[in-house]
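Novice: Data: structure08.cif, mmCIF, C-alpha atoms.
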data_final
#
loop_
_atom_site.label_atom_id
_atom_site.label_comp_id
_atom_site.auth_asym_id
_atom_site.auth_seq_id
_atom_site.Cartn_x
_atom_site.Cartn_y
_atom_site.Cartn_z
CA MET A 1466 -35.19 90.48 -28.01
CA ALA A 1467 -31.95 92.27 -27.06
CA ALA A 1468 -32.08 95.95 -26.12
CA ASP A 1469 -30.21 98.45 -28.28
CA ARG A 1470 -26.89 99.43 -26.73
CA ASN A 1471 -25.88 103.05 -26.42
CA ASP A 1472 -22.14 102.89 -25.84
CA PRO A 1473 -20.33 106.15 -25.07
CA TYR A 1474 -18.24 107.78 -27.79
CA GLY A 1475 -14.47 107.97 -27.67
CA ASN A 1476 -12.84 111.38 -27.22
CA TYR A 1477 -10.19 110.81 -29.90
CA ARG A 1478 -12.17 111.68 -33.08
CA PHE A 1479 -13.19 115.29 -33.46
CA ARG A 1480 -12.98 118.24 -35.79
CA LEU A 1481 -13.12 122.02 -35.44
CA GLU A 1482 -14.87 124.67 -37.49
CA ILE A 1483 -13.47 128.18 -37.10
CA ASP A 1484 -14.91 131.00 -39.23
CA GLY A 1485 -12.45 131.68 -42.03
CA ILE A 1486 -9.59 129.54 -40.67
CA VAL A 1487 -8.73 126.23 -42.26
CA GLN A 1488 -6.35 124.24 -40.10
CA ALA A 1489 -6.36 120.48 -39.73
CA GLY A 1490 -4.63 118.26 -37.26
CA PHE A 1491 -5.59 119.50 -33.82
CA SER A 1492 -4.20 117.01 -31.35
CA GLU A 1493 -6.18 118.16 -28.34
CA VAL A 1494 -9.17 120.34 -27.54
CA THR A 1495 -10.18 121.18 -23.99
CA ILE A 1496 -13.84 122.16 -23.78
CA PRO A 1497 -14.25 124.40 -20.74
CA ASP A 1498 -16.65 124.19 -17.86
CA SER A 1499 -19.64 126.46 -17.34
CA SER A 1500 -20.65 127.68 -13.89
CA CYS A 1501 -22.85 130.17 -12.07
CA GLU A 1502 -22.14 131.51 -8.63
CA ALA A 1503 -25.02 131.15 -6.22
CA THR A 1504 -25.93 134.39 -4.46
CA GLU A 1505 -27.48 133.87 -1.05
CA TYR A 1506 -30.04 136.21 0.41
CA ARG A 1507 -32.62 136.23 3.15
CA VAL A 1508 -35.86 138.11 3.55
CA GLY A 1509 -36.49 139.33 7.10
CA SER A 1510 -39.58 137.16 7.56
CA ASP A 1511 -37.84 133.98 6.30
CA PRO A 1512 -36.91 131.17 8.67
CA PRO A 1513 -33.21 131.06 9.59
CA ASN A 1514 -31.98 129.78 6.24
CA PHE A 1515 -31.05 131.41 2.94
CA ARG A 1516 -32.57 131.53 -0.51
CA LYS A 1517 -30.25 131.25 -3.48
CA LEU A 1518 -30.26 133.12 -6.76
CA SER A 1519 -28.18 132.38 -9.84
CA GLY A 1520 -25.33 134.81 -10.46
CA LEU A 1521 -23.46 135.47 -13.68
CA THR A 1522 -22.54 132.55 -15.91
CA LYS A 1523 -18.78 132.06 -16.25
CA TYR A 1524 -16.83 129.96 -18.72
CA GLY A 1525 -13.30 128.63 -18.65
CA ALA A 1526 -11.09 128.91 -21.73
CA LEU A 1527 -11.40 126.74 -24.83
CA VAL A 1528 -7.88 125.37 -25.40
CA LEU A 1529 -6.65 124.22 -28.82
CA LYS A 1530 -3.37 122.30 -29.27
CA TRP A 1531 -1.71 121.16 -32.49
CA GLY A 1532 1.62 120.00 -33.82
CA ILE A 1533 3.39 122.99 -35.35
CA THR A 1534 3.33 123.21 -39.16
CA ASP A 1535 3.90 125.95 -41.74
CA SER A 1536 0.40 127.33 -41.07
CA MET A 1537 0.46 130.75 -39.37
CA GLU A 1538 -3.31 131.39 -39.37
CA LEU A 1539 -3.99 130.90 -35.65
CA TYR A 1540 -0.85 132.82 -34.65
CA GLU A 1541 -1.76 135.70 -36.99
CA TRP A 1542 -5.29 135.75 -35.51
CA ARG A 1543 -3.71 136.15 -32.05
CA LYS A 1544 -1.39 138.93 -33.33
CA ARG A 1545 -4.38 140.91 -34.63
CA ILE A 1546 -5.93 140.69 -31.15
CA GLU A 1547 -2.66 141.93 -29.60
CA GLN A 1548 -2.85 144.91 -31.98
CA GLY A 1549 -6.26 145.82 -30.50
CA LEU A 1550 -8.35 144.59 -33.43
CA ILE A 1551 -10.67 142.48 -31.27
CA ARG A 1552 -14.06 143.57 -32.63
CA ALA A 1553 -13.16 142.78 -36.25
CA ASN A 1554 -11.57 139.45 -35.34
CA ARG A 1555 -14.19 137.69 -33.24
CA LYS A 1556 -15.12 134.32 -34.71
CA ASN A 1557 -17.57 131.50 -34.10
CA ILE A 1558 -16.13 128.08 -33.34
CA ALA A 1559 -17.67 124.62 -33.27
CA VAL A 1560 -16.14 121.48 -31.80
CA ILE A 1561 -17.71 118.32 -33.23
CA LEU A 1562 -17.29 114.86 -31.71
CA LEU A 1563 -17.32 112.03 -34.26
CA ASP A 1564 -18.17 108.35 -33.87
CA ASP A 1565 -15.97 105.54 -35.18
CA ASP A 1566 -17.63 105.83 -38.61
CA GLY A 1567 -16.84 109.56 -38.85
CA SER A 1568 -20.44 110.74 -38.30
CA ASP A 1569 -21.17 113.85 -36.21
CA LYS A 1570 -22.48 112.87 -32.78
CA ALA A 1571 -22.08 115.87 -30.47
CA ARG A 1572 -21.54 119.56 -31.23
CA TRP A 1573 -20.50 122.47 -29.01
CA GLU A 1574 -20.67 126.02 -30.38
CA PHE A 1575 -18.76 129.03 -29.07
CA SER A 1576 -19.77 132.54 -30.11
CA ASN A 1577 -17.74 135.75 -30.46
CA ALA A 1578 -14.48 133.94 -29.76
CA TRP A 1579 -10.96 135.35 -29.83
CA PRO A 1580 -7.53 134.00 -28.79
CA SER A 1581 -6.59 135.36 -25.38
CA LYS A 1582 -3.29 133.47 -25.05
CA TYR A 1583 -0.72 131.90 -27.36
CA ASP A 1584 1.80 129.31 -26.17
CA ALA A 1585 4.77 128.44 -28.42
CA PRO A 1586 6.29 124.95 -28.30
CA ASP A 1587 9.07 124.06 -25.88
CA MET A 1588 12.25 122.80 -27.53
CA ASN A 1589 14.50 119.98 -26.31
CA ALA A 1590 17.41 118.68 -28.42
CA LYS A 1591 17.37 115.41 -26.43
CA GLY A 1592 13.70 114.70 -27.10
CA SER A 1593 11.77 113.23 -29.99
CA GLU A 1594 8.30 114.63 -29.31
CA VAL A 1595 6.28 116.70 -31.75
CA ALA A 1596 6.54 120.48 -31.19
CA VAL A 1597 3.09 121.62 -29.99
CA GLU A 1598 1.56 125.10 -30.18
CA SER A 1599 -1.58 126.08 -28.31
CA VAL A 1600 -4.05 128.94 -27.96
CA GLU A 1601 -6.58 129.70 -25.27
CA ILE A 1602 -9.83 131.03 -26.64
CA ALA A 1603 -12.12 133.45 -24.78
CA PHE A 1604 -15.75 133.55 -25.90
CA GLU A 1605 -19.13 134.91 -24.89
CA THR A 1606 -21.46 131.90 -25.04
CA MET A 1607 -21.15 128.13 -25.19
CA GLU A 1608 -23.97 125.81 -26.21
CA ARG A 1609 -24.18 122.08 -26.79
CA LYS A 1610 -26.29 121.67 -29.93
CA SER A 1611 -26.42 117.87 -30.14
#
Output the structure of this file as C-alpha cells.

Specialist:
Amino acid sequence: MAADRNDPYGNYRFRLEIDGIVQAGFSEVTIPDSSCEATEYRVGSDPPNFRKLSGLTKYGALVLKWGITDSMELYEWRKRIEQGLIRANRKNIAVILLDDDGSDKARWEFSNAWPSKYDAPDMNAKGSEVAVESVEIAFETMERKS
C-alpha cells in the first residue's frame, strides 16, 4: 500500500482579505519574518556562561505589489495615514495560500495594520513591463492560522 504524499504548495496562488478594501490582482506578497532578540544575563553564582531571555518580538513589513489599475483604494488608505488618521484606519489583513484546486491551505493574519510606505511605479518608454505599485504594511501581530 502506497503512502499518501504531502507535496508542498506552490507560492503562485494566493488571495488577500483587507477589511473594507476590495482589490484583486496582487502580483506579489512578501510575508515578513518574525524575530525576538535574545537578552543575555548572568547571576553571580552561575558558572561562567550566560542565560538567555526572550526580548521583544519584531516583525518586518508586509509588502503588497500589484499592476496599477484605476483603483485608488490602497493609495487613499495611505493618504489618510499621512494625514494623521492612523487610529481610524487600522485594518486586519489575511494572506491565504491556495492549492492548485483553489482551496485554502495556509492562512496568515495581520492585526491593526496600516500602510507605512507607498511606492509608485517606475516609468520607461523603452520597456514593455506592467507598471507596478506597492505598499509596505506595518502591523502589530502576525499569526499563522492554518

Novice: Quick one: which stretch 1533-1575 of chain A residues come within 9 Å of stretch 1488-1503 of chain A, and what is the nearest atom pair for each with the distance in Å to one decimal, counting all atoms listed in the file, rows ordered by chain and ascending number, as JSON lines?

Specialist:
{"residue": "A:Ser1536", "atom": "CA", "partner": "A:Gln1488", "partner_atom": "CA", "distance": 7.5}
{"residue": "A:Glu1538", "atom": "CA", "partner": "A:Gln1488", "partner_atom": "CA", "distance": 7.8}
{"residue": "A:Leu1539", "atom": "CA", "partner": "A:Gln1488", "partner_atom": "CA", "distance": 8.4}
{"residue": "A:Val1560", "atom": "CA", "partner": "A:Val1494", "partner_atom": "CA", "distance": 8.2}
{"residue": "A:Trp1573", "atom": "CA", "partner": "A:Ile1496", "partner_atom": "CA", "distance": 8.5}

Novice: Could you write those residues out with C-alpha atoms, as a short mmCIF file (atom, residue, chain, number, x, y, z; two decimals), keeping the file's coordinate frame?

Specialist:
data_model
loop_
_atom_site.label_atom_id
_atom_site.label_comp_id
_atom_site.auth_asym_id
_atom_site.auth_seq_id
_atom_site.Cartn_x
_atom_site.Cartn_y
_atom_site.Cartn_z
CA SER A 1536 0.40 127.33 -41.07
CA GLU A 1538 -3.31 131.39 -39.37
CA LEU A 1539 -3.99 130.90 -35.65
CA VAL A 1560 -16.14 121.48 -31.80
CA TRP A 1573 -20.50 122.47 -29.01
#

Novice: Return as a list of chain:residue names the set of residues that the PyMOL selection byres ((chain A and resi 1590-1597) around 8) yields on the displayed structure.

Specialist: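 Applying the PyMOL selection byres ((chain A and resi 1590-1597) around 8) to the structure shown produces A:Lys1530, A:Trp1531, A:Gly1532, A:Ile1533, A:Ala1585, A:Pro1586, A:Asp1587, A:Met1588, A:Asn1589, A:Glu1598, A:Ser1599.
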
Novice: Do you know which residues the PyMOL selection byres ((chain A and resi 1483) around 12) returns on this file, as a list in words?

Specialist: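 Those residues are Arg1480, Leu1481, Glu1482, Asp1484, Gly1485, Ile1486, Val1487, Gln1488, Ala1489, Leu1529, Glu1538, Leu1539, Trp1542, Asn1554, Arg1555, Lys1556, Asn1557, Ile1558, Ala1559, Val1560, Ile1561, Glu1574, Phe1575, Ser1576, Asn1577, Ala1578, Trp1579, Pro1580 and Ile1602 of chain A.
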
Novice: Between atom CA of A:Tyr1583 and atom CA of A:Val1600, what is the spacing in Å?

Specialist: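 It comes out at 4.5 Å.
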
Novice: One decimal, in Å: what's the spacing between atom CA of A:Glu1601 and atom CA of A:Leu1527?

Specialist: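 Value for the atom CA of A:Glu1601-atom CA of A:Leu1527 distance: 5.7 Å.
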
Novice: Using only C-alpha atoms, which residues sit within 8 Å of A:Leu1518 once same-chain residues fewer than 3 positions away are excluded, as number ranges by chain?

Specialist: A: 1503-1506

Novice: Keeping only C-alpha atoms, take the residues you just selected and write them out as a compact mmCIF listing (two decimals), in the coordinates of the input.

Specialist:
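This went into result-v7.txt:
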# COMPACT_ATOMS: atom_id res chain seq x y z
CA ALA A 1503 -25.02 131.15 -6.22
CA THR A 1504 -25.93 134.39 -4.46
CA GLU A 1505 -27.48 133.87 -1.05
CA TYR A 1506 -30.04 136.21 0.41

Novice: From the list A:Glu1608, A:Asp1469, A:Lys1582, A:Arg1478, which residue is nearest A:Tyr1540 when using only C-alpha atoms?

Specialist: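 Among the listed residues, A:Lys1582 lies closest to A:Tyr1540.
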
Novice: What does stretch 1498-1518 of chain A look like written to a file with N, CA and C atoms, as a short mmCIF file (atom, residue, chain, number, x, y, z; two decimals), in the first residue's frame?

Specialist:
data_model
loop_
_atom_site.label_atom_id
_atom_site.label_comp_id
_atom_site.auth_asym_id
_atom_site.auth_seq_id
_atom_site.Cartn_x
_atom_site.Cartn_y
_atom_site.Cartn_z
N ASP A 1498 9.35 38.32 8.20
CA ASP A 1498 9.87 37.43 9.23
C ASP A 1498 9.44 37.93 10.61
N SER A 1499 9.59 37.06 11.58
CA SER A 1499 9.28 37.37 12.97
C SER A 1499 10.50 36.97 13.78
N SER A 1500 10.97 37.86 14.66
CA SER A 1500 12.16 37.53 15.44
C SER A 1500 12.08 38.13 16.84
N CYS A 1501 12.83 37.54 17.74
CA CYS A 1501 12.99 38.05 19.10
C CYS A 1501 14.49 38.16 19.38
N GLU A 1502 14.89 39.26 19.95
CA GLU A 1502 16.28 39.37 20.36
C GLU A 1502 16.47 38.62 21.66
N ALA A 1503 17.58 37.90 21.75
CA ALA A 1503 17.90 37.20 22.99
C ALA A 1503 18.67 38.16 23.89
N THR A 1504 18.23 38.27 25.13
CA THR A 1504 18.91 39.11 26.11
C THR A 1504 19.70 38.19 27.03
N GLU A 1505 20.99 38.41 27.09
CA GLU A 1505 21.85 37.57 27.93
C GLU A 1505 21.98 38.18 29.32
N TYR A 1506 22.01 37.31 30.32
CA TYR A 1506 22.26 37.78 31.67
C TYR A 1506 22.95 36.67 32.44
N ARG A 1507 23.52 37.04 33.56
CA ARG A 1507 24.22 36.07 34.39
C ARG A 1507 23.98 36.41 35.85
N VAL A 1508 23.65 35.40 36.62
CA VAL A 1508 23.52 35.55 38.06
C VAL A 1508 24.91 35.31 38.65
N GLY A 1509 25.24 36.03 39.70
CA GLY A 1509 26.58 35.94 40.28
C GLY A 1509 27.04 34.55 40.64
N SER A 1510 26.14 33.68 41.03
CA SER A 1510 26.53 32.32 41.42
C SER A 1510 26.55 31.34 40.25
N ASP A 1511 26.21 31.81 39.03
CA ASP A 1511 26.20 30.93 37.85
C ASP A 1511 27.62 30.59 37.43
N PRO A 1512 27.78 29.45 36.76
CA PRO A 1512 29.09 29.16 36.15
C PRO A 1512 29.37 30.21 35.07
N PRO A 1513 30.57 30.22 34.53
CA PRO A 1513 30.93 31.30 33.58
C PRO A 1513 30.28 31.15 32.20
N ASN A 1514 28.97 31.13 32.19
CA ASN A 1514 28.22 31.22 30.94
C ASN A 1514 26.94 32.01 31.20
N PHE A 1515 26.23 32.36 30.14
CA PHE A 1515 25.08 33.24 30.27
C PHE A 1515 23.78 32.49 30.13
N ARG A 1516 22.75 33.02 30.75
CA ARG A 1516 21.38 32.58 30.49
C ARG A 1516 20.81 33.53 29.45
N LYS A 1517 19.77 33.09 28.78
CA LYS A 1517 19.17 33.93 27.74
C LYS A 1517 17.68 34.05 27.97
N LEU A 1518 17.19 35.28 27.86
CA LEU A 1518 15.77 35.57 27.93
C LEU A 1518 15.30 36.12 26.59
#
